[in-house]
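Next comes coords-v2.cif, with mmCIF, C-alpha atoms and all ligand atoms.
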```cif
data_data
#
loop_
_atom_site.label_atom_id
_atom_site.label_comp_id
_atom_site.auth_asym_id
_atom_site.auth_seq_id
_atom_site.Cartn_x
_atom_site.Cartn_y
_atom_site.Cartn_z
CA MET A 1 -10.01 -59.69 8.66
CA PRO A 2 -6.68 -58.00 9.34
CA LYS A 3 -3.90 -59.95 11.04
CA ILE A 4 -0.66 -58.88 12.68
CA GLY A 5 1.53 -61.92 12.16
CA ASN A 6 -0.63 -64.72 13.56
CA ILE A 7 -2.74 -62.41 15.70
CA GLU A 8 -6.22 -62.37 14.28
CA LEU A 9 -8.11 -59.13 14.66
CA PRO A 10 -11.75 -58.21 14.13
CA ASP A 11 -12.89 -56.20 11.15
CA PHE A 12 -11.58 -52.62 11.44
CA PRO A 13 -9.77 -53.05 14.77
CA LEU A 14 -9.23 -50.16 17.16
CA LEU A 15 -5.71 -49.82 18.50
CA LEU A 16 -4.70 -47.85 21.58
CA ALA A 17 -1.86 -45.55 20.51
CA PRO A 18 1.44 -45.54 22.36
CA MET A 19 1.46 -42.44 24.57
CA GLU A 20 4.26 -41.41 26.87
CA ASP A 21 3.19 -41.27 30.53
CA VAL A 22 -0.33 -42.30 29.53
CA SER A 23 -0.28 -45.81 28.01
CA ASP A 24 0.81 -47.63 31.15
CA PRO A 25 -0.60 -51.02 32.22
CA PRO A 26 -3.57 -49.67 34.24
CA PHE A 27 -4.71 -47.39 31.43
CA ARG A 28 -4.15 -50.07 28.80
CA ALA A 29 -6.21 -52.52 30.87
CA LEU A 30 -9.11 -50.05 31.12
CA CYS A 31 -9.01 -49.42 27.36
CA LYS A 32 -8.89 -53.15 26.67
CA GLU A 33 -11.98 -53.69 28.84
CA GLN A 34 -13.76 -51.03 26.82
CA GLY A 35 -12.96 -52.64 23.48
CA ALA A 36 -9.43 -51.74 22.34
CA ASP A 37 -8.30 -54.63 20.15
CA VAL A 38 -4.55 -54.03 20.41
CA VAL A 39 -2.75 -51.88 22.95
CA TYR A 40 0.75 -50.45 22.84
CA THR A 41 3.14 -49.35 25.55
CA GLU A 42 4.59 -45.87 25.46
CA PHE A 43 7.91 -45.62 23.64
CA ILE A 44 10.88 -47.09 25.47
CA SER A 45 14.43 -45.98 24.81
CA SER A 46 16.62 -48.77 23.50
CA GLU A 47 19.64 -47.02 25.01
CA GLY A 48 17.84 -46.85 28.37
CA LEU A 49 16.97 -50.54 28.22
CA ILE A 50 20.50 -51.70 27.53
CA ARG A 51 21.83 -49.48 30.35
CA ASP A 52 19.21 -51.18 32.53
CA ALA A 53 17.83 -47.77 33.45
CA ALA A 54 15.02 -48.40 35.94
CA LYS A 55 12.81 -45.79 34.27
CA SER A 56 12.92 -47.69 30.98
CA VAL A 57 12.77 -51.20 32.42
CA ILE A 58 9.57 -50.58 34.43
CA LYS A 59 7.82 -49.72 31.15
CA LEU A 60 8.23 -53.33 30.00
CA ASP A 61 5.66 -54.64 32.50
CA ILE A 62 2.50 -56.02 30.99
CA TYR A 63 -0.64 -57.61 32.43
CA GLU A 64 -1.94 -60.86 30.92
CA LYS A 65 -5.42 -59.33 30.63
CA GLU A 66 -4.36 -56.65 28.17
CA ARG A 67 -3.13 -58.93 25.37
CA PRO A 68 -2.47 -58.57 22.51
CA VAL A 69 0.03 -55.92 23.54
CA GLY A 70 2.89 -54.37 21.63
CA ILE A 71 6.00 -52.95 23.27
CA GLN A 72 7.28 -49.90 21.43
CA ILE A 73 10.98 -49.09 21.27
CA PHE A 74 12.88 -46.21 19.76
CA GLY A 75 16.49 -45.58 18.87
CA ALA A 76 18.75 -45.03 15.90
CA GLU A 77 21.72 -47.26 16.63
CA LEU A 78 21.33 -50.71 15.17
CA ASP A 79 23.34 -52.47 17.83
CA SER A 80 21.43 -50.87 20.72
CA MET A 81 18.10 -51.58 19.08
CA LEU A 82 18.96 -55.24 18.58
CA GLN A 83 20.04 -55.59 22.19
CA ALA A 84 16.84 -53.82 23.22
CA VAL A 85 14.83 -56.35 21.18
CA ASP A 86 16.44 -59.20 23.15
CA ILE A 87 15.47 -57.49 26.42
CA VAL A 88 11.94 -56.72 25.25
CA GLU A 89 11.39 -60.35 24.20
CA LYS A 90 11.92 -61.49 27.78
CA SER A 91 8.77 -59.59 28.78
CA ASN A 92 6.89 -61.76 26.32
CA PRO A 93 4.82 -59.16 24.46
CA ASP A 94 2.75 -60.15 21.43
CA ILE A 95 4.26 -57.51 19.15
CA ILE A 96 7.38 -55.35 18.95
CA ASP A 97 6.66 -51.90 17.56
CA ILE A 98 9.28 -49.50 16.26
CA ASN A 99 8.74 -45.79 16.80
CA PHE A 100 9.66 -43.85 13.68
CA GLY A 101 7.25 -41.04 14.44
CA CYS A 102 8.18 -39.20 17.63
CA PRO A 103 8.67 -35.54 16.70
CA VAL A 104 10.34 -34.18 19.87
CA LYS A 105 13.69 -32.52 19.40
CA LYS A 106 15.73 -34.57 21.82
CA VAL A 107 14.66 -37.73 19.97
CA VAL A 108 14.83 -36.57 16.34
CA CYS A 109 18.20 -34.87 16.75
CA LYS A 110 19.67 -38.32 17.34
CA ASN A 111 17.93 -39.52 14.18
CA ALA A 112 15.50 -41.61 16.23
CA GLY A 113 11.70 -41.34 16.10
CA ALA A 114 10.57 -39.15 13.21
CA GLY A 115 14.21 -38.11 12.69
CA ILE A 116 14.67 -41.22 10.62
CA LEU A 117 12.14 -39.97 8.07
CA ARG A 118 15.09 -38.05 6.59
CA ASP A 119 16.88 -41.33 5.95
CA ILE A 120 14.48 -43.96 4.58
CA PRO A 121 17.27 -46.45 3.76
CA LEU A 122 18.33 -46.41 7.44
CA MET A 123 14.70 -46.80 8.50
CA VAL A 124 14.38 -49.87 6.28
CA LYS A 125 17.73 -51.31 7.37
CA LEU A 126 16.97 -51.01 11.09
CA THR A 127 13.57 -52.61 10.56
CA GLU A 128 15.02 -55.44 8.49
CA GLU A 129 17.57 -56.32 11.16
CA ILE A 130 15.00 -56.13 13.97
CA VAL A 131 12.66 -58.41 12.04
CA LYS A 132 15.50 -60.91 11.60
CA ARG A 133 16.38 -60.74 15.29
CA THR A 134 12.96 -61.68 16.70
CA LYS A 135 10.28 -64.29 16.18
CA LEU A 136 7.64 -61.78 17.30
CA PRO A 137 5.73 -59.80 14.70
CA VAL A 138 7.25 -56.36 14.18
CA THR A 139 5.06 -53.34 13.49
CA VAL A 140 6.07 -49.79 12.65
CA LYS A 141 4.50 -46.51 13.71
CA THR A 142 5.47 -43.48 11.72
CA ARG A 143 4.35 -40.17 10.20
CA LEU A 144 3.74 -39.06 6.62
CA GLY A 145 7.27 -37.72 6.20
CA TRP A 146 9.71 -35.17 7.54
CA ASP A 147 7.96 -32.17 5.96
CA ALA A 148 5.37 -31.43 3.29
CA ASN A 149 8.06 -31.48 0.59
CA SER A 150 9.44 -34.88 1.44
CA ILE A 151 6.45 -37.16 1.78
CA LYS A 152 7.60 -40.60 0.62
CA ILE A 153 5.35 -42.71 2.75
CA VAL A 154 4.04 -44.90 -0.08
CA GLU A 155 7.54 -45.99 -1.02
CA ALA A 156 8.71 -46.23 2.59
CA ALA A 157 5.73 -48.39 3.64
CA GLU A 158 6.25 -50.76 0.74
CA ARG A 159 9.93 -51.17 1.59
CA LEU A 160 9.10 -51.72 5.26
CA GLN A 161 6.62 -54.41 4.24
CA ASP A 162 9.20 -56.03 2.00
CA VAL A 163 11.64 -56.46 4.87
CA GLY A 164 9.02 -58.18 7.02
CA THR A 165 7.02 -55.51 8.86
CA GLN A 166 3.67 -57.08 9.76
CA ALA A 167 1.57 -53.90 10.02
CA ILE A 168 2.10 -50.17 9.81
CA SER A 169 0.35 -47.35 11.68
CA ILE A 170 0.63 -43.94 10.10
CA HIS A 171 -0.07 -40.64 11.84
CA GLY A 172 -1.36 -38.27 9.15
CA ARG A 173 1.02 -35.43 9.95
CA THR A 174 4.64 -34.67 9.09
CA ARG A 175 7.33 -34.24 11.70
CA VAL A 176 7.43 -30.51 11.02
CA GLN A 177 3.71 -30.25 11.77
CA MET A 178 4.19 -31.79 15.22
CA TYR A 179 0.53 -31.80 16.35
CA LYS A 180 -0.59 -28.70 14.44
CA GLY A 181 -3.26 -28.52 11.75
CA GLU A 182 -5.48 -31.41 10.85
CA ALA A 183 -4.26 -34.93 10.23
CA ASP A 184 -4.33 -35.73 6.50
CA TRP A 185 -5.53 -39.27 5.86
CA LYS A 186 -5.20 -39.07 2.06
CA PRO A 187 -1.54 -40.11 1.92
CA ILE A 188 -2.38 -43.00 4.28
CA ALA A 189 -5.09 -44.10 1.84
CA GLU A 190 -2.47 -43.95 -0.94
CA VAL A 191 -0.34 -46.38 1.06
CA LYS A 192 -3.33 -48.69 1.42
CA ASN A 193 -4.22 -48.39 -2.27
CA ASN A 194 -0.76 -49.39 -3.42
CA PRO A 195 -1.57 -52.75 -5.06
CA ARG A 196 1.66 -54.21 -3.68
CA MET A 197 0.62 -53.60 -0.06
CA HIS A 198 -0.82 -56.61 1.72
CA ILE A 199 -0.08 -55.89 5.39
CA PRO A 200 -2.65 -53.96 7.45
CA VAL A 201 -2.42 -50.19 7.20
CA PHE A 202 -3.80 -48.45 10.28
CA GLY A 203 -4.69 -44.78 10.26
CA ASN A 204 -3.86 -42.44 13.10
CA GLY A 205 -4.49 -38.81 13.93
CA ASP A 206 -7.65 -37.00 15.01
CA VAL A 207 -9.97 -39.99 15.32
CA ASP A 208 -11.95 -38.26 18.03
CA THR A 209 -15.57 -39.17 17.23
CA PRO A 210 -17.26 -42.40 16.13
CA GLU A 211 -18.10 -40.60 12.86
CA ALA A 212 -14.41 -39.95 12.20
CA ALA A 213 -13.67 -43.66 12.66
CA VAL A 214 -16.41 -44.50 10.16
CA ARG A 215 -14.90 -42.05 7.65
CA MET A 216 -11.47 -43.59 8.09
CA ARG A 217 -12.97 -47.00 7.36
CA ASP A 218 -15.46 -46.18 4.60
CA GLU A 219 -14.05 -43.15 2.79
CA TYR A 220 -10.34 -43.85 3.22
CA GLY A 221 -10.55 -47.65 3.18
CA LEU A 222 -7.99 -48.16 5.94
CA ASP A 223 -7.69 -51.40 7.89
CA GLY A 224 -8.17 -50.01 11.39
CA ALA A 225 -7.79 -46.91 13.52
CA MET A 226 -5.16 -46.14 16.11
CA ILE A 227 -6.59 -43.88 18.78
CA GLY A 228 -4.61 -41.62 21.08
CA ARG A 229 -5.85 -38.42 22.65
CA ALA A 230 -9.57 -39.20 22.43
CA SER A 231 -9.01 -42.04 24.90
CA ILE A 232 -7.10 -40.10 27.55
CA GLY A 233 -9.35 -40.13 30.62
CA TYR A 234 -12.04 -41.58 28.38
CA PRO A 235 -11.46 -45.31 27.81
CA TRP A 236 -15.15 -45.61 26.88
CA PHE A 237 -14.29 -44.15 23.48
CA PHE A 238 -13.47 -47.62 22.10
CA LYS A 239 -16.87 -49.00 23.15
CA GLU A 240 -18.64 -45.94 21.75
CA VAL A 241 -16.99 -46.33 18.35
CA LYS A 242 -17.80 -50.04 18.19
CA HIS A 243 -21.39 -49.41 19.17
CA TYR A 244 -21.69 -46.78 16.44
CA PHE A 245 -20.23 -49.18 13.87
CA LYS A 246 -22.84 -51.77 14.79
CA THR A 247 -25.93 -49.61 15.17
CA GLY A 248 -25.26 -46.17 13.68
CA THR A 249 -26.39 -44.69 16.98
CA HIS A 250 -24.52 -43.14 19.86
CA LEU A 251 -24.25 -44.79 23.25
CA PRO A 252 -25.26 -42.55 26.12
CA PRO A 253 -22.17 -41.15 27.83
CA PRO A 254 -20.93 -43.01 30.91
CA THR A 255 -22.78 -42.13 34.10
CA MET A 256 -21.14 -40.47 37.07
CA GLU A 257 -21.07 -43.80 38.84
CA GLU A 258 -19.19 -45.42 35.95
CA ARG A 259 -16.73 -42.53 35.82
CA VAL A 260 -16.02 -42.62 39.52
CA GLU A 261 -15.64 -46.39 39.38
CA ALA A 262 -13.16 -46.12 36.48
CA ALA A 263 -11.19 -43.41 38.27
CA ARG A 264 -11.10 -45.53 41.43
CA ARG A 265 -9.93 -48.63 39.61
CA HIS A 266 -7.41 -46.65 37.62
CA LEU A 267 -5.90 -45.20 40.78
CA GLN A 268 -5.91 -48.54 42.60
CA MET A 269 -4.24 -50.36 39.68
CA SER A 270 -1.65 -47.59 39.42
CA ILE A 271 -0.84 -47.84 43.12
CA ASP A 272 -0.61 -51.63 42.91
CA TRP A 273 1.70 -51.31 39.94
CA LYS A 274 3.91 -48.34 40.82
CA GLY A 275 3.43 -47.86 44.54
CA GLU A 276 1.48 -45.21 46.44
CA LYS A 277 3.49 -42.13 45.58
CA LEU A 278 3.95 -42.60 41.83
CA GLY A 279 0.50 -44.15 41.48
CA VAL A 280 -1.16 -41.07 42.99
CA PHE A 281 1.00 -38.71 40.99
CA GLU A 282 0.75 -40.34 37.57
CA THR A 283 -3.01 -40.93 37.56
CA ARG A 284 -3.69 -37.21 38.01
CA ARG A 285 -3.54 -36.39 34.33
CA HIS A 286 -6.62 -38.53 33.65
CA TYR A 287 -9.11 -36.97 36.07
CA THR A 288 -9.87 -33.83 34.06
CA ASN A 289 -11.30 -35.92 31.26
CA TYR A 290 -13.06 -38.41 33.50
CA PHE A 291 -15.04 -35.53 34.98
CA LYS A 292 -15.19 -33.09 32.07
CA GLY A 293 -18.26 -30.89 31.74
CA ILE A 294 -19.37 -30.80 35.37
CA PRO A 295 -20.04 -27.21 36.47
CA HIS A 296 -18.37 -25.90 39.63
CA PHE A 297 -16.08 -28.88 39.79
CA LYS A 298 -12.81 -27.06 40.38
CA GLU A 299 -12.73 -27.61 44.14
CA TYR A 300 -13.02 -31.38 43.68
CA ARG A 301 -10.58 -31.54 40.79
CA MET A 302 -8.05 -29.64 42.86
CA LYS A 303 -8.39 -32.20 45.66
CA MET A 304 -7.79 -35.01 43.20
CA VAL A 305 -4.75 -33.45 41.58
CA THR A 306 -3.07 -31.96 44.63
CA SER A 307 -3.57 -34.65 47.30
CA ASP A 308 -0.47 -36.72 47.92
CA GLU A 309 -2.28 -39.48 49.79
CA SER A 310 -4.45 -41.93 47.90
CA ALA A 311 -6.94 -41.98 50.81
CA ASP A 312 -7.65 -38.30 50.16
CA VAL A 313 -8.15 -38.89 46.44
CA PHE A 314 -10.48 -41.81 47.09
CA ALA A 315 -12.39 -39.60 49.56
CA ALA A 316 -12.70 -36.93 46.85
CA PHE A 317 -14.20 -39.55 44.50
CA ASP A 318 -16.78 -40.44 47.19
CA GLU A 319 -17.67 -36.78 47.67
CA VAL A 320 -18.07 -36.31 43.91
CA LEU A 321 -20.42 -39.25 43.70
CA GLU A 322 -22.47 -37.94 46.56
CA LYS A 323 -22.64 -34.39 45.28
CA PHE A 324 -22.93 -34.94 41.53
CA GLY A 325 -24.31 -38.50 41.38
CA ASP A 326 -27.34 -37.39 39.33
CA PHE A 327 -25.42 -35.18 36.92
CA GLN A 328 -26.43 -35.84 33.31
CA PHE A 329 -23.44 -35.77 30.96
CA ALA A 330 -24.11 -34.35 27.51
C1 LIG A 401 0.73 -37.45 25.58
C2 LIG A 401 1.16 -38.11 24.29
C3 LIG A 401 2.23 -38.98 24.31
C4 LIG A 401 2.64 -39.63 23.13
N1 LIG A 401 3.65 -40.55 23.19
C5 LIG A 401 3.93 -41.32 22.08
C6 LIG A 401 4.83 -42.42 22.16
O1 LIG A 401 5.39 -42.75 23.21
N2 LIG A 401 5.05 -43.13 21.00
C7 LIG A 401 4.44 -42.82 19.82
O2 LIG A 401 4.65 -43.50 18.82
N3 LIG A 401 3.58 -41.78 19.74
C8 LIG A 401 3.29 -41.05 20.84
N4 LIG A 401 2.35 -40.08 20.76
C9 LIG A 401 1.61 -39.86 19.50
C10 LIG A 401 0.31 -40.69 19.48
O3 LIG A 401 0.60 -42.07 19.53
C11 LIG A 401 -0.51 -40.39 18.23
O4 LIG A 401 0.27 -40.67 17.10
C12 LIG A 401 -0.96 -38.92 18.16
O5 LIG A 401 -1.43 -38.46 19.41
C13 LIG A 401 -2.05 -38.72 17.10
O6 LIG A 401 -3.18 -39.50 17.38
P1 LIG A 401 -4.51 -38.89 18.09
O7 LIG A 401 -4.94 -37.73 17.27
O8 LIG A 401 -5.47 -40.02 18.11
O9 LIG A 401 -4.09 -38.46 19.46
C14 LIG A 401 1.97 -39.38 21.91
C15 LIG A 401 0.90 -38.47 21.91
C16 LIG A 401 0.49 -37.85 23.08
C17 LIG A 401 -0.69 -36.91 23.04
#
```

Can the structure in the file be given as C-alpha cells, please?
Amino acid sequence: MPKIGNIELPDFPLLLAPMEDVSDPPFRALCKEQGADVVYTEFISSEGLIRDAAKSVIKLDIYEKERPVGIQIFGAELDSMLQAVDIVEKSNPDIIDINFGCPVKKVVCKNAGAGILRDIPLMVKLTEEIVKRTKLPVTVKTRLGWDANSIKIVEAAERLQDVGTQAISIHGRTRVQMYKGEADWKPIAEVKNNPRMHIPVFGNGDVDTPEAAVRMRDEYGLDGAMIGRASIGYPWFFKEVKHYFKTGTHLPPPTMEERVEAARRHLQMSIDWKGEKLGVFETRRHYTNYFKGIPHFKEYRMKMVTSDESADVFAAFDEVLEKFGDFQFA
C-alpha cells in the first residue's frame, strides 16, 4: 500500500488535484465524503503568504474532516518559500506540496510553477531545502517537462526523491502543451519503472472515467490517480471510480435529490466559510456540472448563477427539485 511519509493510503488511492478557485474547503470536504483519499488546496503564493496578503492567507484554512490534506505552495525564491513553509505549518496540514507544474505566464515567467522545469537543479535545491525545513512530508506536483524536446522527468523525479520528496504527482503534459492534446502517461510509467524509485508515483491528466483510472493502474502501473476536472461539480466521481474498481460495474448516476442536496450543502458550507457574498459568488462555477444534461434548464441555471442573495439560490434549488425531481440522468 502506498504511503506519503507516515500517512497510510489504500491501494491505488484517488487524490483530489489542487485547483485554483475550485479546491476550497467546502469542495474538498464534499470530495472527501465521496471517497477522495487525499485532498490538496489550490496553489498559494509564497510571496503572498509572507506579505500576509489576506487572499493568500484565507487559503490556508482546513477542516478537520477533510484530512489528510496537503497545502500547496508555489514560488521560486528559496527564502520566501522557506518562510512560507513556516507559515503553512501553523495551519497544521498533513502534507506540504510544492507546485512545479503551473503553466500560466505570470507564474512561469518568475521561474515558479512549471517555469522551474527549465532549471532542474534549482527545482531539486528548493525541494531539498523545504524538506529540511519541515517535519511534514513534502510532495511535489509537476509536469513531464518544459516542452517535448526537454522531457527529463525520470531524472528529475529520482533527484527529487533523493532529497526527501515523499511522493510525486505528474501531469502527463508539458508546460508548452498547457491543457491541449491528450495527457501522455507513458513518461509517468517510465518514472515508476525506474528501479531506483521507491516513493509513490501518482498519475494525473485526463482521468475522466472509471475505465481511465483502471488503465492508469493496470496498464501503466502507477500508484494512484490525481483527479482534477472530472470532479468539478461532480464529487461523486471518486465513489464511482472506487465502485468500478471493486465490482467492474458502473454506479447509477446521482439522483436529482442527491445533486440538489450536494449543491445546497456546498453553498451553505461556502457561506459559512467565506461569508454570504463570496460564498454565493464562488460556488457558481459548480452548478453547471451538478445539473448537466437536464433539458430546458437554462432559466434555472441563470437564477443560480446570477442571484446575489443565497436565499434566491436556495429557492432555485427547491424549484429544480420540484420541477425535475423525476429526471433520469444518463
Ligand atoms: C480550474 C483549474 C485550476 C487549477 N489550479 C491548479 C493549482 O492551483 N495547482 C496545481 O498544481 N494545478 C492546478 N491545476 C491543474 C490540475 O491540478 C491538474 O493537473 C490538471 O487539471 C490535469 O488533471 P485533470 O485532467 O484531471 O483535470 C488546475 C486545473 C484547473 C482546471

Can you tell me which residues sit at most 7 Å away from ligand LIG 401 (chain A), counting all atoms listed in the file, written as a PyMOL selection string? chain A and resi 17-22+42-43+99+101-102+141+171+204-208+226-230

Near Met178 of chain A, counting only C-alpha atoms, which residues have an atom at most 9 Å away, once you skip same-chain residues fewer than 2 positions from it, shown as an mmCIF file with C-alpha atoms, in the frame of the given file?
```cif
data_model
loop_
_atom_site.group_PDB
_atom_site.id
_atom_site.type_symbol
_atom_site.label_atom_id
_atom_site.label_comp_id
_atom_site.auth_asym_id
_atom_site.auth_seq_id
_atom_site.Cartn_x
_atom_site.Cartn_y
_atom_site.Cartn_z
ATOM 1 C CA CYS A 102 8.180 -39.200 17.630
ATOM 2 C CA PRO A 103 8.670 -35.540 16.700
ATOM 3 C CA VAL A 104 10.340 -34.180 19.870
ATOM 4 C CA ARG A 173 1.020 -35.430 9.950
ATOM 5 C CA THR A 174 4.640 -34.670 9.090
ATOM 6 C CA ARG A 175 7.330 -34.240 11.700
ATOM 7 C CA VAL A 176 7.430 -30.510 11.020
ATOM 8 C CA LYS A 180 -0.590 -28.700 14.440
ATOM 9 C CA GLY A 181 -3.260 -28.520 11.750
#
```

From atom CA of Ser270 of chain A to atom CA of Gln72 of chain A the spacing works out at 20.2 Å

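Counting all atoms listed in the file and comparing A:Glu240, A:Phe314, A:His266, A:Glu89, the residue that lies closest to Arg133 of chain A is A:Glu89.
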
- Which of these, A:Tyr63, A:Gln161, A:Gly224, A:Arg217, has the shortest distance to Asp37 of chain A once you count all atoms listed in the file?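 Between A:Tyr63, A:Gln161, A:Gly224, A:Arg217, the residue approaching Asp37 of chain A most closely is A:Gly224.
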
Can you tell me, as a PyMOL selection string, what residues are no more than 9 Å from Gly48 of chain A when counting all atoms listed in the file, ignoring any on the same chain fewer than 6 positions away?
chain A and resi 54-57+84

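Between Asn6 of chain A and the residues A:Thr247, A:Thr255, A:Gln166, A:Gln328, the shortest atom-to-atom distance, using all atoms listed in the file, involves A:Gln166.
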
Across A:Arg67, A:Ile188, A:Ala311, A:Arg118, the smallest distance to Glu276 of chain A, with only C-alpha atoms counted, is shown by A:Ala311

Any idea what's packed within 12 Å of Glu64 of chain A, counting only C-alpha atoms, ignoring anything in its chain fewer than 6 positions away? Could you give it as a ChimeraX atom specification? /A:25-26,28-29,32,91-94

Note to self: Please compute the atom CA of Ile7 of chain A-atom CA of Val39 of chain A distance, one decimal, in Å.
What the structure shows: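 Computing the Euclidean distance for atom CA of Ile7 of chain A and atom CA of Val39 of chain A yields 12.8 Å.
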
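For the choices A:Glu77, A:Glu322, A:Asp24, A:Asp11, the atom-to-atom distance to Thr283 of chain A is smallest for A:Asp24 when using only C-alpha atoms.
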
Residues near Asn194 of chain A, cut-off 12 Å, all atoms listed in the file, skip fewer than 6 positions along chain, as a ChimeraX atom specification: /A:153-159,161,187-188,200-201,221-222

query: Taking into account all atoms listed in the file, which residue in the set A:Pro13, A:Gly248, A:Pro295, A:Pro235 is nearest to Lys323 of chain A?
result: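 Closest to Lys323 of chain A, using all atoms listed in the file: A:Pro295.
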
What box, with edges along x, y and z, holds each listed atom of segment 266-285 of chain A when 8 Å is added on every side, and can you state its centre and edge lengths in Å to one decimal, as JSON?
```
{"center_x": -1.7, "center_y": -44.0, "center_z": 40.4, "size_x": 27.4, "size_y": 31.2, "size_z": 28.1}
```

Practice task
Tell me, as a PyMOL selection string, which residues lie within 9 Å of segment 241-244 of chain A, counting all atoms listed in the file; anything in the same chain fewer than 4 positions away does not count.
Solution key: chain A and resi 14+35+209-211+213-214+236-237+248-251

| What does the distance between atom CA of Leu49 of chain A and atom CA of Asp61 of chain A come to in Å, to one decimal place? |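 We find that atom CA of Leu49 of chain A and atom CA of Asp61 of chain A lie 12.8 Å from each other.
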